[in-house]
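**Q** Have a peek at work.cif (mmCIF, C-alpha atoms).
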data_run
#
loop_
_atom_site.label_atom_id
_atom_site.label_comp_id
_atom_site.auth_asym_id
_atom_site.auth_seq_id
_atom_site.Cartn_x
_atom_site.Cartn_y
_atom_site.Cartn_z
CA MET A 1 139.98 126.71 28.03
CA VAL A 2 143.67 125.92 27.79
CA LYS A 3 143.75 125.87 31.59
CA ALA A 4 141.12 123.14 31.54
CA TRP A 5 143.49 121.19 29.26
CA GLY A 6 146.26 121.43 31.86
CA ALA A 7 148.23 124.40 30.53
CA HIS A 8 150.14 126.86 32.69
CA VAL A 9 148.53 130.22 31.87
CA THR A 10 150.17 133.63 32.07
CA VAL A 11 147.98 136.70 31.52
CA THR A 12 148.72 140.37 31.00
CA CYS A 13 146.14 142.75 32.44
CA SER A 14 145.82 145.77 34.73
CA GLN A 15 145.89 145.38 38.49
CA ASN A 16 142.11 145.98 38.54
CA ALA A 17 141.49 142.76 36.59
CA GLU A 18 144.01 140.57 38.43
CA ARG A 19 141.48 138.97 40.76
CA LEU A 20 139.13 138.12 37.90
CA VAL A 21 141.82 136.47 35.77
CA ARG A 22 143.18 134.56 38.77
CA ASP A 23 139.63 133.37 39.55
CA LEU A 24 139.41 132.22 35.93
CA GLY A 25 142.57 130.16 36.44
CA ALA A 26 145.57 132.31 35.48
CA ASP A 27 148.76 131.04 37.12
CA ASP A 28 150.86 134.16 36.53
CA VAL A 29 149.54 137.69 36.10
CA MET A 30 151.64 140.49 34.64
CA ASP A 31 150.38 144.01 35.42
CA TYR A 32 151.00 146.15 32.35
CA THR A 33 150.49 149.32 34.41
CA ALA A 34 153.45 148.39 36.67
CA GLY A 35 156.07 148.84 33.97
CA PRO A 36 157.20 147.15 30.78
CA VAL A 37 155.64 143.70 30.50
CA GLU A 38 158.66 142.33 28.69
CA LYS A 39 160.79 142.99 31.77
CA GLN A 40 158.27 141.23 34.01
CA LEU A 41 158.15 138.23 31.66
CA GLN A 42 161.93 137.77 31.84
CA THR A 43 161.45 136.15 35.25
CA LEU A 44 159.39 133.31 33.73
CA GLN A 45 160.22 130.33 31.55
CA LYS A 46 159.72 130.68 27.81
CA PHE A 47 156.29 129.91 26.38
CA ASP A 48 154.88 127.29 24.01
CA LEU A 49 152.14 129.64 22.81
CA ILE A 50 151.54 133.38 22.90
CA LEU A 51 148.12 134.73 21.94
CA ASP A 52 148.49 138.46 21.30
CA ASN A 53 145.33 140.55 21.07
CA ILE A 54 147.17 143.89 21.21
CA GLY A 55 149.78 143.78 18.42
CA GLY A 56 151.95 146.81 17.73
CA GLU A 57 154.93 147.08 20.05
CA SER A 58 154.20 143.78 21.81
CA GLU A 59 154.75 141.89 18.57
CA LYS A 60 158.30 143.23 18.40
CA TRP A 61 159.38 141.60 21.69
CA ALA A 62 156.83 138.82 22.33
CA LEU A 63 158.39 136.34 19.92
CA ASP A 64 161.60 136.38 21.97
CA PHE A 65 159.65 134.73 24.81
CA LEU A 66 158.81 131.60 22.80
CA LYS A 67 160.72 128.34 23.16
CA PRO A 68 162.82 128.11 19.98
CA TRP A 69 162.84 124.92 17.92
CA ASN A 70 160.10 123.43 20.08
CA GLY A 71 157.02 123.98 17.92
CA ALA A 72 156.18 127.19 19.82
CA LYS A 73 153.62 129.48 18.18
CA TYR A 74 152.88 133.19 18.26
CA VAL A 75 149.31 134.00 17.20
CA THR A 76 148.19 137.57 16.82
CA LEU A 77 144.58 138.64 16.44
CA VAL A 78 145.75 142.01 15.09
CA THR A 79 146.24 141.67 11.35
CA PRO A 80 146.54 144.23 8.54
CA VAL A 81 144.05 142.44 6.29
CA LEU A 82 141.11 144.84 6.71
CA HIS A 83 143.33 147.91 6.58
CA ASN A 84 145.05 146.66 3.43
CA THR A 85 141.81 145.75 1.63
CA ASP A 86 140.25 149.11 2.56
CA ARG A 87 143.32 150.93 1.28
CA LEU A 88 144.20 148.83 -1.77
CA GLY A 89 140.97 147.06 -2.70
CA LEU A 90 140.30 143.35 -2.39
CA ALA A 91 142.93 141.99 -4.79
CA GLY A 92 145.69 144.44 -3.85
CA GLY A 93 144.91 144.22 -0.15
CA MET A 94 144.96 140.43 -0.10
CA MET A 95 148.20 140.40 -2.12
CA GLN A 96 149.84 142.89 0.28
CA SER A 97 148.63 140.90 3.30
CA GLY A 98 149.86 137.64 1.79
CA VAL A 99 153.32 139.07 1.21
CA LYS A 100 153.42 140.49 4.74
CA ILE A 101 152.43 137.23 6.46
CA GLY A 102 154.81 135.27 4.23
CA CYS A 103 157.74 137.50 5.19
CA LYS A 104 156.91 137.29 8.89
CA VAL A 105 156.49 133.52 8.82
CA LEU A 106 159.87 133.03 7.12
CA LYS A 107 161.64 135.55 9.36
CA HIS A 108 160.46 133.85 12.55
CA LEU A 109 160.76 130.30 11.24
CA ARG A 110 164.50 130.97 10.90
CA LYS A 111 164.44 131.63 14.68
CA GLY A 112 162.63 128.36 15.33
CA VAL A 113 159.15 129.69 16.12
CA TYR A 114 155.90 129.80 14.20
CA TYR A 115 154.13 133.08 13.42
CA ARG A 116 150.40 133.04 12.70
CA TRP A 117 147.49 135.39 12.26
CA GLY A 118 144.33 134.40 14.08
CA PHE A 119 140.84 135.40 13.00
CA PHE A 120 137.77 134.99 15.10
CA ALA A 121 134.10 135.50 14.50
CA PRO A 122 131.85 135.45 17.58
CA SER A 123 129.09 132.88 17.39
CA GLY A 124 126.19 132.34 19.79
CA PRO A 125 125.99 128.56 19.19
CA THR A 126 129.75 128.22 19.67
CA LEU A 127 129.56 130.14 22.95
CA ASP A 128 126.77 127.76 24.05
CA GLU A 129 128.97 124.78 23.23
CA ILE A 130 131.98 126.25 25.07
CA SER A 131 129.79 127.14 28.04
CA GLU A 132 128.46 123.56 28.25
CA MET A 133 131.97 122.14 27.96
CA LEU A 134 133.21 124.41 30.74
CA GLU A 135 130.30 123.53 33.03
CA ARG A 136 131.28 119.85 32.76
CA SER A 137 134.87 120.79 33.64
CA VAL A 138 136.60 122.14 36.75
CA PRO A 139 134.25 124.15 39.06
CA TRP A 140 136.13 127.46 38.78
CA TRP A 141 135.32 127.50 35.08
CA ARG A 142 131.68 128.09 35.96
CA LYS A 143 132.56 131.76 36.35
CA CYS A 144 133.86 131.76 32.80
CA SER A 145 130.68 130.04 31.67
CA LEU A 146 128.62 132.77 33.30
CA LEU A 147 130.78 135.40 31.63
CA LEU A 148 130.16 133.79 28.23
CA ARG A 149 126.41 133.76 28.84
CA CYS A 150 126.55 137.47 29.72
CA LEU A 151 128.40 138.22 26.49
CA LYS A 152 126.17 136.11 24.24
CA PRO A 153 123.33 138.66 23.80
CA PHE A 154 125.81 141.19 22.43
CA ILE A 155 127.08 138.77 19.81
CA LYS A 156 123.79 137.66 18.26
#
Can the structure from this file be put into structure tokens for me?

**A**
Amino acid sequence: MVKAWGAHVTVTCSQNAERLVRDLGADDVMDYTAGPVEKQLQTLQKFDLILDNIGGESEKWALDFLKPWNGAKYVTLVTPVLHNTDRLGLAGGMMQSGVKIGCKVLKHLRKGVYYRWGFFAPSGPTLDEISEMLERSVPWWRKCSLLLRCLKPFIK
């Protein structure tokens, strides 16, 4: 979707998926099986937004690839909230998670970038809306629309 809004999109995937992500509009593709992604990314300009769906080690180096003091954001979909609430109960888990996100936000804000946790809940009606929006957009997004329709039965 950000490609439809005019963004330059860089994707990390295996070589097997490169054609698919390029067909979906990726401008740059980094093959994580070809060596450390952080070394491959050093050849590119810094980013305005990084959406991280892996977490772990990538979180340690990914924030260095954001444009400092430019409103750049790092959003990770990998959060400790469920782990903390399972381990410590609802109150303790939420408190632990709140402290953790607060520390990370302050640490990275000092470097001039924003740190966020992203949460997502799949929704059939939302996928319909996105699919319709994409069909009205650039023709290559029709493939993405078809992909969303294929995924929809598994989300309901």

**Q** For the atom pair CA of Glu18 in chain A and CA of Lys39 in chain A, what is the interatomic distance in Å to one decimal place?

**A**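 CA of Lys39 in chain A lies at a distance of 18.2 Å from CA of Glu18 in chain A.
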
**Q** Go through the shown structure with the PyMOL selection byres ((chain A and resi 62-65) around 7) and write out the matching residues as a list in words.

**A** Lys46, Phe47, Ser58, Glu59, Lys60, Trp61, Leu66, Lys67 and Tyr74 of chain A

**Q** Here is a test: counting only C-alpha atoms, which residue of A:Glu38, A:Met95, A:Ala4, A:Pro80 is nearest to Ala26 in chain A?

**A**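 Under the stated criterion, the closest residue is A:Ala4.
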
**Q** Give me, please, the distance in Å between CA of Trp69 in chain A and CA of Lys111 in chain A, quoted to one decimal.

**A** 7.6 Å

**Q** What does the distance between CA of Tyr114 in chain A and CA of Val37 in chain A come to in Å, to one decimal place?

**A**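 Calculated distance between CA of Tyr114 in chain A and CA of Val37 in chain A is 21.4 Å.
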
**Q** The PyMOL selection byres ((chain A and resi 118) around 6) on the file shown: which residues, as a list in words?

**A**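 Output of the PyMOL selection byres ((chain A and resi 118) around 6): Val75, Thr76, Leu77, Trp117 and Phe119 of chain A.
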
**Q** Could you expand the PyMOL selection byres ((chain A and resi 84) around 12) into the explicit residues it covers here, written as a list in words?

**A**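 That selection, the PyMOL selection byres ((chain A and resi 84) around 12), comes back as Thr79, Pro80, Val81, Leu82, His83, Thr85, Asp86, Arg87, Leu88, Gly89, Leu90, Ala91, Gly92, Gly93, Met94, Met95, Gln96, Ser97, Gly98, Val99 and Lys100 of chain A.
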
**Q** Could you check the closest approach to Glu57 in chain A for each of A:Val78, A:Val105, A:Leu20, A:Val11 and tell me which residue wins, using only C-alpha atoms?

**A**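 Closest to Glu57 in chain A of all the choices is A:Val78.
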
**Q** With only C-alpha atoms as the basis for distance, which of A:Phe120, A:Leu41, A:Asp31, A:Gly112 is at the shortest distance from Asn53 in chain A?

**A**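 The shortest atom-to-atom distance to Asn53 in chain A comes from A:Phe120.
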
**Q** Quick one: of A:Gly71, A:Gly124, A:Cys13, A:Gly56, who's nearest to Leu109 in chain A, counting all atoms listed in the file?

**A**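 Smallest separation from Leu109 in chain A among the options: A:Gly71.
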
**Q** Give me, as a list in words, all polymer residues having an atom no more than 7 Å from Thr12 in chain A, counting only C-alpha atoms and skipping those fewer than 3 positions away in the same chain.

**A**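 With the cut-off at 7 Å, the set is Val29, Met30, Asp31 and Tyr32 of chain A.
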
**Q** Write a file of the selected residues as a PDB file, in the coordinates of the input, keeping C-alpha atoms.

**A**
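This is the output file out.pdb:
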ATOM      1  CA  VAL A  29     149.540 137.690  36.100  1.00  0.00           C
ATOM      2  CA  MET A  30     151.640 140.490  34.640  1.00  0.00           C
ATOM      3  CA  ASP A  31     150.380 144.010  35.420  1.00  0.00           C
ATOM      4  CA  TYR A  32     151.000 146.150  32.350  1.00  0.00           C
TER       5      TYR A  32
END

**Q** Please write as an MDAnalysis selection string the list of polymer residues whose atoms come within 6 Å of (147.8, 131.4, 34.1), counting all atoms listed in the file and keeping to the coordinates of the file.

**A** chainID A and resid 8:11 25:28

**Q** Would you mind telling me which residue in A:Gln40, A:Leu51, A:Val113, A:His108 lies nearest to Ala72 in chain A when using only C-alpha atoms?

**A**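 The answer is A:Val113, which sits nearest to Ala72 in chain A.
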